[in-house]
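S.K.: Dropping in data_21.txt, with compact mmCIF, C-alpha atoms and all ligand atoms.
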# COMPACT_ATOMS: atom_id res chain seq x y z
CA MET A 1 120.85 128.40 52.29
CA SER A 2 117.76 126.27 52.89
CA THR A 3 114.85 127.69 54.89
CA PHE A 4 114.62 127.26 58.63
CA GLN A 5 112.68 124.36 60.07
CA THR A 6 110.97 123.77 63.42
CA ILE A 7 113.36 122.39 66.02
CA LYS A 8 113.31 118.60 66.51
CA GLY A 9 110.43 117.53 68.74
CA THR A 10 108.42 120.72 68.15
CA PHE A 11 105.73 121.44 65.59
CA ASP A 12 103.60 124.17 64.07
CA ILE A 13 99.83 124.11 64.33
CA LEU A 14 98.49 125.47 61.04
CA PRO A 15 94.97 126.66 60.17
CA ASP A 16 94.61 123.62 57.92
CA PRO A 17 96.81 120.62 58.78
CA ALA A 18 96.47 119.45 55.18
CA MET A 19 98.73 122.36 54.25
CA SER A 20 101.79 120.42 55.37
CA SER A 21 102.70 116.92 56.40
CA SER A 22 105.25 118.18 58.93
CA ALA A 23 102.76 120.31 60.87
CA PHE A 24 100.66 118.86 63.70
CA ALA A 25 97.92 116.57 62.38
CA TYR A 26 95.15 118.82 63.75
CA GLY A 27 94.75 122.48 62.88
CA THR A 28 94.01 125.49 65.04
CA ALA A 29 90.23 125.14 64.67
CA ALA A 30 90.41 121.62 66.15
CA TRP A 31 92.65 122.87 68.99
CA GLN A 32 90.27 125.70 69.76
CA HIS A 33 87.33 123.31 69.79
CA VAL A 34 89.12 120.87 72.11
CA GLU A 35 90.17 123.71 74.41
CA ALA A 36 86.61 125.09 74.50
CA THR A 37 85.23 121.65 75.40
CA LEU A 38 87.85 121.30 78.13
CA ARG A 39 87.07 124.70 79.60
CA ASP A 40 83.40 123.84 79.59
CA VAL A 41 83.91 120.61 81.55
CA LEU A 42 86.34 122.27 83.96
CA ALA A 43 83.87 125.11 84.58
CA ARG A 44 81.15 122.59 85.41
CA PHE A 45 83.40 121.25 88.14
CA ASN A 46 83.93 124.83 89.35
CA PHE A 47 87.60 125.16 88.37
CA SER A 48 89.08 128.57 87.43
CA GLU A 49 91.95 129.07 85.04
CA VAL A 50 95.40 130.13 86.18
CA ARG A 51 98.13 131.22 83.74
CA THR A 52 101.73 131.15 84.88
CA PRO A 53 104.92 132.05 82.97
CA ILE A 54 106.76 129.64 80.67
CA LEU A 55 109.99 130.62 82.42
CA GLU A 56 110.38 129.64 86.04
CA PRO A 57 113.31 129.57 88.46
CA THR A 58 115.21 126.34 87.82
CA GLU A 59 115.41 125.73 91.54
CA LEU A 60 111.60 125.57 91.82
CA ILE A 61 111.44 122.71 89.33
CA ALA A 62 114.55 120.94 90.64
CA ARG A 63 113.33 121.03 94.23
CA GLY A 64 109.70 120.44 93.39
CA ILE A 65 109.99 117.52 91.00
CA GLY A 66 113.14 116.05 92.55
CA GLN A 67 116.80 115.96 91.49
CA LEU A 68 116.78 112.25 90.71
CA THR A 69 113.85 112.29 88.31
CA ASP A 70 114.47 112.00 84.57
CA ILE A 71 112.89 115.40 84.05
CA VAL A 72 115.29 117.26 86.31
CA SER A 73 118.40 115.16 85.75
CA LYS A 74 118.35 115.16 81.95
CA GLU A 75 115.32 116.75 80.31
CA MET A 76 115.26 120.38 81.37
CA PHE A 77 115.66 123.23 78.92
CA ALA A 78 117.49 125.45 81.34
CA PHE A 79 119.86 128.38 80.97
CA THR A 80 121.51 131.07 83.01
CA ARG A 81 121.42 134.80 82.32
CA GLY A 82 123.18 137.10 84.70
CA ASP A 83 122.74 135.49 88.07
CA THR A 84 119.33 133.98 87.39
CA ASN A 85 118.76 130.33 86.47
CA TYR A 86 115.80 129.91 84.18
CA VAL A 87 113.98 126.76 83.14
CA MET A 88 111.29 126.44 80.51
CA ARG A 89 108.62 124.72 82.59
CA PRO A 90 108.56 120.94 82.05
CA GLU A 91 105.21 120.71 83.89
CA ILE A 92 102.81 123.10 85.55
CA THR A 93 102.09 121.73 89.04
CA ALA A 94 105.16 123.20 90.75
CA PRO A 95 104.54 126.58 89.03
CA VAL A 96 100.91 126.59 90.23
CA MET A 97 102.02 125.77 93.77
CA ARG A 98 104.57 128.60 93.50
CA ALA A 99 101.79 130.96 92.45
CA TYR A 100 99.56 129.74 95.30
CA LEU A 101 102.28 130.44 97.86
CA GLN A 102 103.53 133.67 96.27
CA HIS A 103 100.06 135.24 96.21
CA HIS A 104 99.00 133.81 99.58
CA LEU A 105 95.94 132.20 98.05
CA ASP A 106 95.56 130.23 101.28
CA GLN A 107 94.47 133.46 102.95
CA ARG A 108 91.42 133.56 100.73
CA GLY A 109 90.04 130.69 102.77
CA GLY A 110 88.58 127.53 101.37
CA VAL A 111 90.02 125.35 98.68
CA GLN A 112 91.58 126.72 95.48
CA LYS A 113 90.47 124.81 92.41
CA LEU A 114 92.69 125.86 89.54
CA TYR A 115 93.17 124.62 86.00
CA TYR A 116 95.70 125.34 83.27
CA ILE A 117 96.27 124.69 79.58
CA GLY A 118 99.65 125.49 78.07
CA PRO A 119 102.96 124.45 76.58
CA CYS A 120 105.60 122.47 78.48
CA PHE A 121 109.16 121.60 77.48
CA ARG A 122 111.19 118.44 77.99
CA ALA A 123 114.34 117.41 76.15
CA GLU A 124 113.13 113.86 75.54
CA GLU A 125 113.86 111.71 72.51
CA PRO A 126 110.92 112.61 70.24
CA GLN A 127 108.60 109.84 69.06
CA LYS A 128 104.89 109.42 68.47
CA GLY A 129 103.09 111.03 71.43
CA ARG A 130 106.33 112.38 72.88
CA TYR A 131 107.60 115.81 71.95
CA ARG A 132 110.02 118.43 73.24
CA GLN A 133 107.39 121.13 73.25
CA PHE A 134 103.99 119.70 74.10
CA HIS A 135 100.86 120.97 75.79
CA GLN A 136 99.40 119.98 79.10
CA PHE A 137 96.05 120.66 80.64
CA GLY A 138 95.34 119.81 84.22
CA VAL A 139 93.87 120.83 87.52
CA GLU A 140 95.14 121.44 91.03
CA VAL A 141 92.90 121.26 94.09
CA ILE A 142 94.89 123.05 96.78
CA GLY A 143 94.06 123.23 100.46
CA SER A 144 92.23 119.99 101.21
CA ASP A 145 93.46 116.60 102.34
CA ASP A 146 89.96 115.18 102.14
CA ALA A 147 89.56 112.05 100.00
CA ARG A 148 86.79 113.88 98.15
CA ALA A 149 89.38 116.26 96.70
CA ASP A 150 91.21 113.22 95.26
CA ALA A 151 87.99 111.67 93.97
CA GLU A 152 86.84 114.94 92.42
CA THR A 153 90.20 115.38 90.68
CA ILE A 154 89.86 111.92 89.16
CA ALA A 155 86.20 112.55 88.34
CA VAL A 156 86.91 115.75 86.43
CA MET A 157 89.69 114.06 84.49
CA MET A 158 87.36 111.23 83.50
CA ALA A 159 84.63 113.74 82.60
CA VAL A 160 86.99 115.47 80.17
CA TYR A 161 87.61 112.29 78.19
CA LYS A 162 83.96 111.32 78.38
CA ALA A 163 83.01 114.71 76.89
CA PHE A 164 84.98 113.65 73.81
CA GLY A 165 83.41 110.20 73.76
CA LEU A 166 86.66 108.58 74.93
CA THR A 167 85.53 105.92 77.37
CA ASN A 168 87.75 103.08 76.23
CA THR A 169 90.38 103.90 78.84
CA THR A 170 91.91 102.27 81.90
CA LEU A 171 92.19 104.15 85.16
CA ARG A 172 94.98 102.76 87.31
CA LEU A 173 95.12 103.60 90.98
CA ASN A 174 97.54 103.20 93.87
CA THR A 175 98.57 104.87 97.08
CA LEU A 176 102.10 106.00 97.84
CA GLY A 177 101.53 106.51 101.56
CA ASP A 178 103.10 109.28 103.61
CA ALA A 179 106.63 110.69 103.68
CA GLU A 180 107.93 107.66 105.58
CA SER A 181 106.23 104.98 103.52
CA ARG A 182 108.36 105.47 100.46
CA PRO A 183 111.78 105.23 102.13
CA ARG A 184 110.58 102.00 103.79
CA TYR A 185 109.42 100.67 100.44
CA LYS A 186 112.60 101.82 98.70
CA ALA A 187 114.66 99.85 101.18
CA ALA A 188 112.48 96.78 100.66
CA LEU A 189 112.80 97.08 96.89
CA GLN A 190 116.57 97.45 97.11
CA ALA A 191 116.75 94.34 99.29
CA TYR A 192 114.55 92.44 96.84
CA PHE A 193 116.42 93.43 93.65
CA GLU A 194 119.96 93.28 95.07
CA PRO A 195 120.38 89.51 94.46
CA TYR A 196 119.33 90.10 90.83
CA ARG A 197 121.66 93.07 90.27
CA GLN A 198 123.54 91.25 87.49
CA ASP A 199 120.29 90.50 85.64
CA LEU A 200 119.20 94.14 85.58
CA SER A 201 119.74 96.53 82.70
CA GLU A 202 122.35 99.22 83.21
CA THR A 203 119.65 101.86 83.72
CA SER A 204 117.90 99.75 86.34
CA ARG A 205 121.19 99.05 88.08
CA THR A 206 121.77 102.77 88.48
CA ARG A 207 118.18 103.20 89.58
CA LEU A 208 118.62 100.45 92.14
CA ASP A 209 121.11 102.68 93.91
CA THR A 210 119.46 106.04 93.35
CA ASN A 211 115.71 105.69 92.80
CA PRO A 212 114.64 102.01 92.89
CA LEU A 213 110.97 102.96 92.49
CA ARG A 214 111.72 103.81 88.89
CA ILE A 215 112.57 100.16 88.19
CA LEU A 216 108.85 99.50 88.55
CA ASP A 217 108.24 101.44 85.31
CA THR A 218 110.51 99.11 83.36
CA LYS A 219 109.44 97.98 79.92
CA ASP A 220 112.14 95.28 79.85
CA GLU A 221 110.43 91.86 79.66
CA ARG A 222 112.97 90.10 81.88
CA GLU A 223 112.73 92.76 84.52
CA ARG A 224 108.97 92.63 84.36
CA THR A 225 109.02 88.93 85.28
CA LEU A 226 111.16 89.85 88.29
CA LEU A 227 108.43 92.25 89.35
CA ALA A 228 106.00 89.39 89.84
CA ASP A 229 107.39 88.64 93.31
CA ALA A 230 108.54 92.14 94.20
CA PRO A 231 107.13 93.69 97.38
CA HIS A 232 104.02 95.84 97.02
CA LEU A 233 104.03 99.46 98.10
CA ILE A 234 100.70 99.10 99.91
CA ASP A 235 102.33 96.81 102.49
CA PHE A 236 104.61 99.67 103.56
CA VAL A 237 101.95 102.33 103.73
CA ASP A 238 100.87 103.89 107.04
CA ALA A 239 97.42 103.17 108.45
CA GLU A 240 96.09 106.69 107.90
CA SER A 241 97.04 106.71 104.22
CA ARG A 242 95.43 103.31 103.80
CA ALA A 243 92.19 104.57 105.30
CA HIS A 244 92.39 107.60 102.99
CA TYR A 245 92.92 105.29 100.04
CA GLU A 246 89.91 103.16 101.01
CA GLU A 247 87.79 106.31 101.11
CA VAL A 248 88.98 107.44 97.66
CA LYS A 249 88.09 104.03 96.24
CA GLN A 250 84.67 104.15 97.90
CA LEU A 251 83.97 107.59 96.45
CA LEU A 252 85.02 106.47 92.97
CA ASN A 253 82.71 103.48 93.31
CA ASP A 254 79.89 105.82 94.38
CA LEU A 255 80.43 107.79 91.16
CA GLY A 256 80.50 104.63 89.09
CA LEU A 257 84.08 105.29 88.01
CA VAL A 258 85.84 102.05 87.20
CA PHE A 259 89.49 101.64 88.18
CA VAL A 260 92.07 98.92 88.53
CA GLU A 261 94.48 98.87 91.41
CA ASP A 262 98.09 98.77 90.30
CA PRO A 263 100.51 98.00 93.14
CA PHE A 264 103.46 99.19 91.02
CA LEU A 265 102.09 102.55 89.95
CA VAL A 266 104.49 105.07 91.48
CA ARG A 267 104.62 107.96 88.94
CA GLY A 268 107.88 109.56 87.92
CA LEU A 269 107.76 112.71 90.00
CA ASP A 270 108.99 112.86 93.58
CA TYR A 271 106.36 115.14 95.04
CA TYR A 272 103.50 112.65 95.14
CA SER A 273 102.15 111.10 98.32
CA ARG A 274 99.08 109.00 98.98
CA THR A 275 96.81 108.78 95.92
CA ALA A 276 98.49 108.15 92.55
CA PHE A 277 96.60 107.49 89.34
CA GLU A 278 97.12 107.23 85.64
CA LEU A 279 94.71 107.07 82.74
CA GLU A 280 95.74 104.90 79.83
CA SER A 281 94.35 104.44 76.36
CA PRO A 282 94.90 101.24 74.39
CA ASP A 283 94.99 103.40 71.23
CA LEU A 284 98.19 105.28 71.95
CA GLY A 285 100.86 102.63 71.37
CA ALA A 286 104.05 102.87 73.41
CA GLN A 287 103.18 106.23 74.98
CA SER A 288 99.93 104.94 76.43
CA ALA A 289 99.38 107.49 79.22
CA LEU A 290 96.72 110.07 78.46
CA GLY A 291 97.38 111.69 81.79
CA GLY A 292 97.97 111.09 85.43
CA GLY A 293 98.31 112.68 88.77
CA GLY A 294 97.94 112.28 92.46
CA ARG A 295 98.19 113.88 95.82
CA TYR A 296 101.26 115.98 96.48
CA ASP A 297 101.10 117.05 100.11
CA LEU A 298 104.92 117.17 100.20
CA LEU A 299 105.46 119.69 97.40
CA SER A 300 104.64 122.93 99.20
CA VAL A 301 107.30 122.43 101.85
CA GLU A 302 109.82 121.31 99.20
CA VAL A 303 109.38 124.65 97.44
CA GLY A 304 109.63 126.77 100.56
CA SER A 305 106.31 126.86 102.40
CA LYS A 306 106.67 126.83 106.16
CA LYS A 307 103.55 124.79 106.64
CA PRO A 308 102.49 121.89 104.46
CA VAL A 309 99.64 122.57 102.05
CA PRO A 310 97.64 119.48 101.09
CA ALA A 311 96.92 119.31 97.36
CA VAL A 312 95.95 116.94 94.58
CA GLY A 313 95.86 117.30 90.81
CA PHE A 314 96.16 115.72 87.41
CA ALA A 315 98.06 116.60 84.23
CA SER A 316 97.22 115.38 80.75
CA GLY A 317 98.81 115.72 77.35
CA MET A 318 96.86 117.61 74.68
CA GLU A 319 98.69 115.83 71.84
CA ARG A 320 97.84 112.43 73.32
CA LEU A 321 94.22 113.48 73.58
CA PHE A 322 94.35 114.30 69.85
CA LEU A 323 95.99 110.93 69.10
CA ALA A 324 93.20 109.16 71.00
CA LEU A 325 90.56 111.20 69.19
CA GLU A 326 92.16 110.32 65.87
CA ALA A 327 92.29 106.61 66.74
CA ASN A 328 88.62 106.72 67.71
CA GLU A 329 87.72 108.59 64.53
CA VAL A 330 86.15 111.46 66.42
CA THR A 331 85.55 114.28 63.93
CA LEU A 332 86.84 117.69 64.89
CA PRO A 333 86.23 121.02 63.17
CA GLY A 334 88.43 121.69 60.15
CA THR A 335 89.42 125.10 58.81
CA PRO A 336 86.65 127.62 59.35
CA SER A 337 85.13 128.97 56.11
CA PRO A 338 83.96 132.51 55.39
CA ASP A 339 80.20 133.13 55.10
CA VAL A 340 80.65 134.84 51.78
CA PHE A 341 83.37 135.48 49.19
CA LEU A 342 83.21 138.77 47.28
CA VAL A 343 84.29 138.55 43.65
CA ALA A 344 85.21 141.79 41.85
CA LEU A 345 85.71 142.48 38.15
CA GLY A 346 87.62 145.62 37.24
CA ASP A 347 89.14 148.43 39.26
CA ARG A 348 85.96 150.28 40.16
CA ALA A 349 84.28 147.10 41.34
CA ARG A 350 87.34 146.19 43.36
CA ARG A 351 87.12 149.49 45.23
CA ARG A 352 83.40 149.06 45.89
CA VAL A 353 83.84 145.44 46.97
CA PHE A 354 86.59 146.40 49.35
CA ARG A 355 84.15 148.74 51.08
CA MET A 356 81.34 146.17 50.85
CA ALA A 357 83.53 143.71 52.72
CA GLN A 358 83.89 146.20 55.54
CA GLU A 359 80.13 146.86 55.66
CA LEU A 360 79.29 143.18 55.80
CA ARG A 361 81.97 142.52 58.40
CA ASP A 362 80.57 145.35 60.52
CA ALA A 363 77.22 143.56 60.23
CA GLY A 364 78.84 140.44 61.70
CA PHE A 365 79.54 138.27 58.64
CA LYS A 366 82.75 136.44 57.90
CA VAL A 367 83.83 137.90 54.58
CA ALA A 368 86.67 136.89 52.25
CA LEU A 369 87.88 138.61 49.09
CA ASP A 370 90.72 138.58 46.64
CA LEU A 371 93.78 140.63 47.61
CA ARG A 372 95.82 140.08 44.47
CA GLY A 373 93.69 141.52 41.63
CA ARG A 374 93.17 138.11 40.08
CA SER A 375 90.82 137.05 37.27
CA MET A 376 87.19 136.16 37.92
CA LYS A 377 87.96 132.49 37.33
CA ALA A 378 90.79 132.54 39.86
CA GLN A 379 88.56 134.33 42.38
CA MET A 380 85.80 131.71 41.98
CA ARG A 381 88.38 128.96 42.42
CA GLU A 382 89.59 130.63 45.61
CA ALA A 383 85.99 130.93 46.88
CA ASN A 384 85.59 127.19 46.30
CA ARG A 385 88.88 126.37 47.97
CA GLN A 386 87.82 128.34 51.02
CA ASN A 387 84.45 126.53 51.06
CA ALA A 388 82.51 129.78 50.95
CA PRO A 389 78.81 128.89 50.81
CA PHE A 390 78.00 132.15 48.91
CA THR A 391 79.74 134.44 46.46
CA ILE A 392 78.68 137.95 45.45
CA ILE A 393 79.90 138.87 41.98
CA VAL A 394 80.37 142.58 41.27
CA GLY A 395 81.33 144.17 37.94
CA ASP A 396 80.55 147.49 36.18
CA ASN A 397 76.92 146.51 35.49
CA GLU A 398 76.31 145.62 39.09
CA LEU A 399 77.76 148.95 40.19
CA GLU A 400 75.36 150.79 37.91
CA GLN A 401 72.33 148.83 39.11
CA ALA A 402 73.50 148.78 42.71
CA GLN A 403 72.61 145.11 42.85
CA ALA A 404 74.57 141.91 42.35
CA PRO A 405 74.03 138.18 41.91
CA VAL A 406 74.50 136.20 45.09
CA LYS A 407 75.50 132.67 44.13
CA ASN A 408 74.75 129.69 46.32
CA MET A 409 77.91 127.69 45.74
CA GLU A 410 76.31 124.39 46.63
CA THR A 411 73.24 124.54 44.39
CA GLY A 412 74.64 126.93 41.77
CA GLU A 413 71.47 129.04 42.14
CA GLN A 414 71.87 132.82 41.63
CA THR A 415 69.66 135.53 43.12
CA GLU A 416 69.87 139.24 42.26
CA VAL A 417 70.06 141.24 45.48
CA ALA A 418 70.20 145.02 45.86
CA PHE A 419 73.38 146.20 47.63
CA ALA A 420 71.18 147.72 50.32
CA ASP A 421 69.55 144.34 50.96
CA LEU A 422 72.70 142.22 51.07
CA ARG A 423 72.84 142.13 54.83
CA ASN A 424 69.26 140.98 55.17
CA TYR A 425 69.67 138.43 52.44
CA LEU A 426 72.78 136.96 54.04
CA ARG A 427 71.18 137.06 57.47
CA ASP A 428 68.33 134.91 56.14
CA HIS A 429 70.50 132.51 54.18
CA VAL A 430 73.80 132.05 55.98
CA THR A 431 73.50 129.27 58.52
P1 LIG B 501 103.75 113.88 83.63
O1 LIG B 501 103.84 115.35 84.01
O2 LIG B 501 105.06 113.30 83.21
O3 LIG B 501 102.98 113.08 84.61
O4 LIG B 501 102.88 113.86 82.29
C1 LIG B 501 101.51 114.06 82.28
C2 LIG B 501 100.99 113.83 80.88
O5 LIG B 501 101.59 114.78 79.99
C3 LIG B 501 101.37 112.48 80.29
O6 LIG B 501 100.44 111.51 80.67
C4 LIG B 501 101.29 112.77 78.81
O7 LIG B 501 99.95 112.73 78.36
C5 LIG B 501 101.78 114.19 78.73
N1 LIG B 501 103.22 114.24 78.40
C6 LIG B 501 104.28 114.15 79.24
N2 LIG B 501 105.45 114.28 78.58
C7 LIG B 501 105.13 114.45 77.28
C8 LIG B 501 105.88 114.68 76.08
N3 LIG B 501 107.20 114.73 76.09
N4 LIG B 501 105.19 114.79 74.91
C9 LIG B 501 103.85 114.75 74.89
N5 LIG B 501 103.09 114.57 75.98
C10 LIG B 501 103.71 114.43 77.17
What's the C-alpha cells form of this structure?
Ligand code: AMP
M.R.:
Amino acid sequence: MSTFQTIKGTFDILPDPAMSSSAFAYGTAAWQHVEATLRDVLARFNFSEVRTPILEPTELIARGIGQLTDIVSKEMFAFTRGDTNYVMRPEITAPVMRAYLQHHLDQRGGVQKLYYIGPCFRAEEPQKGRYRQFHQFGVEVIGSDDARADAETIAVMMAVYKAFGLTNTTLRLNTLGDAESRPRYKAALQAYFEPYRQDLSETSRTRLDTNPLRILDTKDERERTLLADAPHLIDFVDAESRAHYEEVKQLLNDLGLVFVEDPFLVRGLDYYSRTAFELESPDLGAQSALGGGGRYDLLSVEVGSKKPVPAVGFASGMERLFLALEANEVTLPGTPSPDVFLVALGDRARRRVFRMAQELRDAGFKVALDLRGRSMKAQMREANRQNAPFTIIVGDNELEQAQAPVKNMETGEQTEVAFADLRNYLRDHVT
C-alpha cells in the first residue's frame, strides 16, 4: 500500500518548503511572519480578533450566503450527523454575524470591529490560487451604516497590502443599492439578455433565469462584448444608497486611496448591499482577486435577527497574498535556525551535553543537538544544515577541563569558553 497523501486541493505547510515540492511554497515561519504583520496592521486600526468554529450549522451558511450562489449550491463540504446539519465554513462573515447575534454584542454599545484569520473550505476545482482548504483573513465592522465604516474597511485592507509593499493593485468599487435595487436591476438584466439567450453559454442561460447578476462575472469573450451595452446597476440604485456611495468615494479620495468604478462589480454572495469592492493584483493570473468585500446590511435579518444590523467587511485569501508576495519577490523569513548546536563525542559527553542544552535553553537560547548518537562529522554536518551560527564541541577532554571550544560557523574561529561562562559568551555573541 502506498502512503497517504493530502486530499486534492489541500496542502501541508512545512517548516521548510524546500523539504517537498508538494507542500505549500511558503513554510510556517513565513506564515507566522505574515500573520504577525497582519495582526499589527489590524491592531493599528483598532480591530480585535474573533475566533469561531470551523463547523457551523449548514442553514446559517445557506441562508446567509444565499441558496443560488455557487458556494451554497455546489461547493459546500457539508454532512449530517444525528439530526444536525454541519458545514465546514466556506467563509467567515456569516459565522461572525452569528457570533455577534448569539452573544448580543450589540448590547455592548458602539461598533464592533472584529477580525479573523483561519481556514475555509470550498469544493472548487483546484488550480493556482484556488484550493479546497484555504485561509482567509478579514474584518467586520458591525453596527454602523456610516460611510466612514465602509471607507475604514477599505482603508485597512489597503494598509495590509501596503505593509507588505504590495501597491501594484487595482481597487474596484461599486454600489449595489438597497434591498429593492437589485430585483429592479435583475429584471432589467433579464430583459436585456433575453434576446441574446441563444448566444449565451449554458451556464449563463441558467443564470439568466436564476441569478442574472452572475452573468456579469463571465470570462467568456463573446458574452463580455454583450456586456458593453448592458444596463448599469447604478441606474437602478435608490437615492439614499447613491448619496452613501458618493460619501464613500469622497472619504477614499480624502485618504488618497485610488479606485476605479466598476459598474458590473456585483460580488458572488447574496448578502451584500450598497458598497461592493474588490482588490485585484495583475500578478495573480486567472484568480486575480486578492480580496473583496462590501456592506451587508441584509445579512443579520437573513440569519435570524429581528432588527437589521448594518455591517461592512472584507475577506482576503492568505494564499493569494503569498502568490502576490512571490511575484513581487518580497523576501519572507525561511526556517528559523538555532542559536547554537551542541556536538558531543562519547557517552559521557552526550550526557553532559544533554544537560547543557537544558541549561542554555533555560537561559533563553535556541539550542539544537543530535538525538541519534551520530559521529562528530555527521553532527557538524547537521549543525551546518540547520544554519547554526555557533557549535560547542564537547568530548572527554572538555569534560575534564570544564571548558569547550565554541566555533563560529561563519568565520571558522574557535574560542575556548569555560562551561560556567557559556551563557555570557553566547549572550555577547549571538545576534
Ligand atoms: P469570497 O469570500 O469568495 O469573496 O473570497 C474572498 C477572497 O478569498 C478571494 O478574493 C480570494 O482571495 C480568497 N479565496 C476565495 N476562494 C478561494 C479558494 N478556493 N482558494 C483560495 N483562495 C480563495
S.K.: Would you tabulate, counting all atoms listed in the file, all residues of chain A that have an atom at most 9 Å from an atom of ligand LIG 501 (chain B), showing the closest pair of atoms and their distance in Å to one decimal, sorted by chain then ascending number, as a Markdown table?
M.R.:
| residue | atom | partner | partner_atom | distance |
| --- | --- | --- | --- | --- |
| A:Gly9 | CA | B:LIG501 | N3 | 8.5 |
| A:Ile71 | CA | B:LIG501 | O2 | 8.2 |
| A:Pro90 | CA | B:LIG501 | O1 | 7.6 |
| A:Glu91 | CA | B:LIG501 | O1 | 5.5 |
| A:Ile92 | CA | B:LIG501 | O1 | 8.0 |
| A:Thr93 | CA | B:LIG501 | O1 | 8.3 |
| A:Cys120 | CA | B:LIG501 | C7 | 8.1 |
| A:Phe121 | CA | B:LIG501 | N3 | 7.3 |
| A:Arg122 | CA | B:LIG501 | N3 | 5.8 |
| A:Ala123 | CA | B:LIG501 | N3 | 7.6 |
| A:Glu124 | CA | B:LIG501 | N3 | 6.0 |
| A:Glu125 | CA | B:LIG501 | N3 | 8.1 |
| A:Pro126 | CA | B:LIG501 | N3 | 7.2 |
| A:Gln127 | CA | B:LIG501 | N4 | 8.4 |
| A:Lys128 | CA | B:LIG501 | N4 | 8.4 |
| A:Gly129 | CA | B:LIG501 | C9 | 5.1 |
| A:Arg130 | CA | B:LIG501 | N4 | 3.4 |
| A:Tyr131 | CA | B:LIG501 | N4 | 4.0 |
| A:Arg132 | CA | B:LIG501 | N3 | 5.5 |
| A:Gln133 | CA | B:LIG501 | N4 | 6.9 |
| A:Phe134 | CA | B:LIG501 | C9 | 5.0 |
| A:His135 | CA | B:LIG501 | N5 | 6.8 |
| A:Gln136 | CA | B:LIG501 | O5 | 5.7 |
| A:Phe137 | CA | B:LIG501 | O5 | 8.1 |
| A:Gly138 | CA | B:LIG501 | C1 | 8.7 |
| A:Arg267 | CA | B:LIG501 | O3 | 6.9 |
| A:Gly268 | CA | B:LIG501 | O2 | 6.6 |
| A:Leu269 | CA | B:LIG501 | O3 | 7.2 |
| A:Glu278 | CA | B:LIG501 | O6 | 7.4 |
| A:Leu279 | CA | B:LIG501 | O6 | 7.5 |
| A:Glu280 | CA | B:LIG501 | O6 | 8.2 |
| A:Gln287 | CA | B:LIG501 | C4 | 7.8 |
| A:Ser288 | CA | B:LIG501 | O6 | 7.8 |
| A:Ala289 | CA | B:LIG501 | O6 | 4.4 |
| A:Leu290 | CA | B:LIG501 | O7 | 4.2 |
| A:Gly291 | CA | B:LIG501 | O6 | 3.3 |
| A:Gly292 | CA | B:LIG501 | O6 | 5.4 |
| A:Gly293 | CA | B:LIG501 | O3 | 6.3 |
| A:Phe314 | CA | B:LIG501 | C1 | 7.6 |
| A:Ala315 | CA | B:LIG501 | C1 | 4.7 |
| A:Ser316 | CA | B:LIG501 | C2 | 4.1 |
| A:Gly317 | CA | B:LIG501 | O7 | 3.4 |
| A:Met318 | CA | B:LIG501 | O7 | 6.8 |
| A:Glu319 | CA | B:LIG501 | C9 | 6.1 |
| A:Arg320 | CA | B:LIG501 | O7 | 5.5 |
| A:Leu321 | CA | B:LIG501 | O7 | 7.5 |
S.K.: Can you work out which one of A:Leu38, A:Ile393, A:Ala404, A:Leu299 has the shortest atom-to-atom distance to Ala179 (chain A), counting only C-alpha atoms?
M.R.: A:Leu299
S.K.: Kindly indicate which residue among A:Ala147, A:Ala357, A:Ile54, A:Val87 lies nearest to Ala243 (chain A), using all atoms listed in the file for the distances.
M.R.: A:Ala147
S.K.: Using all atoms listed in the file, which residues sit within 12 Å of Asp270 (chain A) once same-chain residues fewer than 3 positions away are excluded, as a CSV table (one decimal) with C-alpha atoms, keeping the file's coordinate frame?
M.R.:
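out_39.csv was written with the following content:
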chain,number,residue,atom,x,y,z
A,61,ILE,CA,111.4,122.7,89.3
A,62,ALA,CA,114.6,120.9,90.6
A,63,ARG,CA,113.3,121.0,94.2
A,64,GLY,CA,109.7,120.4,93.4
A,65,ILE,CA,110.0,117.5,91.0
A,66,GLY,CA,113.1,116.0,92.6
A,67,GLN,CA,116.8,116.0,91.5
A,68,LEU,CA,116.8,112.2,90.7
A,69,THR,CA,113.8,112.3,88.3
A,70,ASP,CA,114.5,112.0,84.6
A,71,ILE,CA,112.9,115.4,84.0
A,72,VAL,CA,115.3,117.3,86.3
A,94,ALA,CA,105.2,123.2,90.8
A,176,LEU,CA,102.1,106.0,97.8
A,179,ALA,CA,106.6,110.7,103.7
A,182,ARG,CA,108.4,105.5,100.5
A,183,PRO,CA,111.8,105.2,102.1
A,211,ASN,CA,115.7,105.7,92.8
A,213,LEU,CA,111.0,103.0,92.5
A,214,ARG,CA,111.7,103.8,88.9
A,266,VAL,CA,104.5,105.1,91.5
A,267,ARG,CA,104.6,108.0,88.9
A,273,SER,CA,102.2,111.1,98.3
A,274,ARG,CA,99.1,109.0,99.0
A,276,ALA,CA,98.5,108.2,92.6
A,293,GLY,CA,98.3,112.7,88.8
A,294,GLY,CA,97.9,112.3,92.5
A,295,ARG,CA,98.2,113.9,95.8
A,296,TYR,CA,101.3,116.0,96.5
A,297,ASP,CA,101.1,117.0,100.1
A,298,LEU,CA,104.9,117.2,100.2
A,299,LEU,CA,105.5,119.7,97.4
A,302,GLU,CA,109.8,121.3,99.2
S.K.: Hey, can you check how far CA of Arg427 (chain A) sits from CA of Leu371 (chain A)?
M.R.: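 These two atoms are separated by 24.9 Å.
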S.K.: Just give me the gap between CA of Val367 (chain A) and CA of Arg385 (chain A) in Å, one decimal is fine.
M.R.: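 These two atoms are separated by 14.2 Å.
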S.K.: What are the closest atom pairs, with distances in Å to one decimal, for all residues of region 223-320 of chain A lying within 10 Å of region 326-334 of chain A? Consider only C-alpha atoms, order rows by chain and residue number, and present the result as a tab-separated table.
M.R.:
residue	atom	partner	partner_atom	distance
A:Pro282	CA	A:Ala327	CA	9.7
A:Asp283	CA	A:Ala327	CA	6.1
A:Leu284	CA	A:Ala327	CA	8.0
A:Arg320	CA	A:Glu326	CA	9.6
S.K.: Name the closest residue to Phe354 (chain A) among the candidates A:Glu410, A:Asp396, A:Glu56, A:Asp370; distances are taken between atoms, counting only C-alpha atoms.
M.R.: A:Asp370
S.K.: For a test of reading the model, state the distance in Å between CA of Ala23 (chain A) and CA of Phe11 (chain A), rounded to one decimal.
M.R.: 5.7 Å
S.K.: Taking 4 positions as the minimum chain separation for residues in the same chain, which residues sit within 6 Å of Glu140 (chain A) when counting only C-alpha atoms? Answer as a PDB file with C-alpha atoms, in the coordinates of the input.
M.R.:
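Resulting contents of part20.pdb:
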ATOM      1  CA  LYS A 113      90.470 124.810  92.410  1.00  0.00           C
ATOM      2  CA  LEU A 114      92.690 125.860  89.540  1.00  0.00           C
ATOM      3  CA  VAL A 312      95.950 116.940  94.580  1.00  0.00           C
ATOM      4  CA  GLY A 313      95.860 117.300  90.810  1.00  0.00           C
TER       5      GLY A 313
END
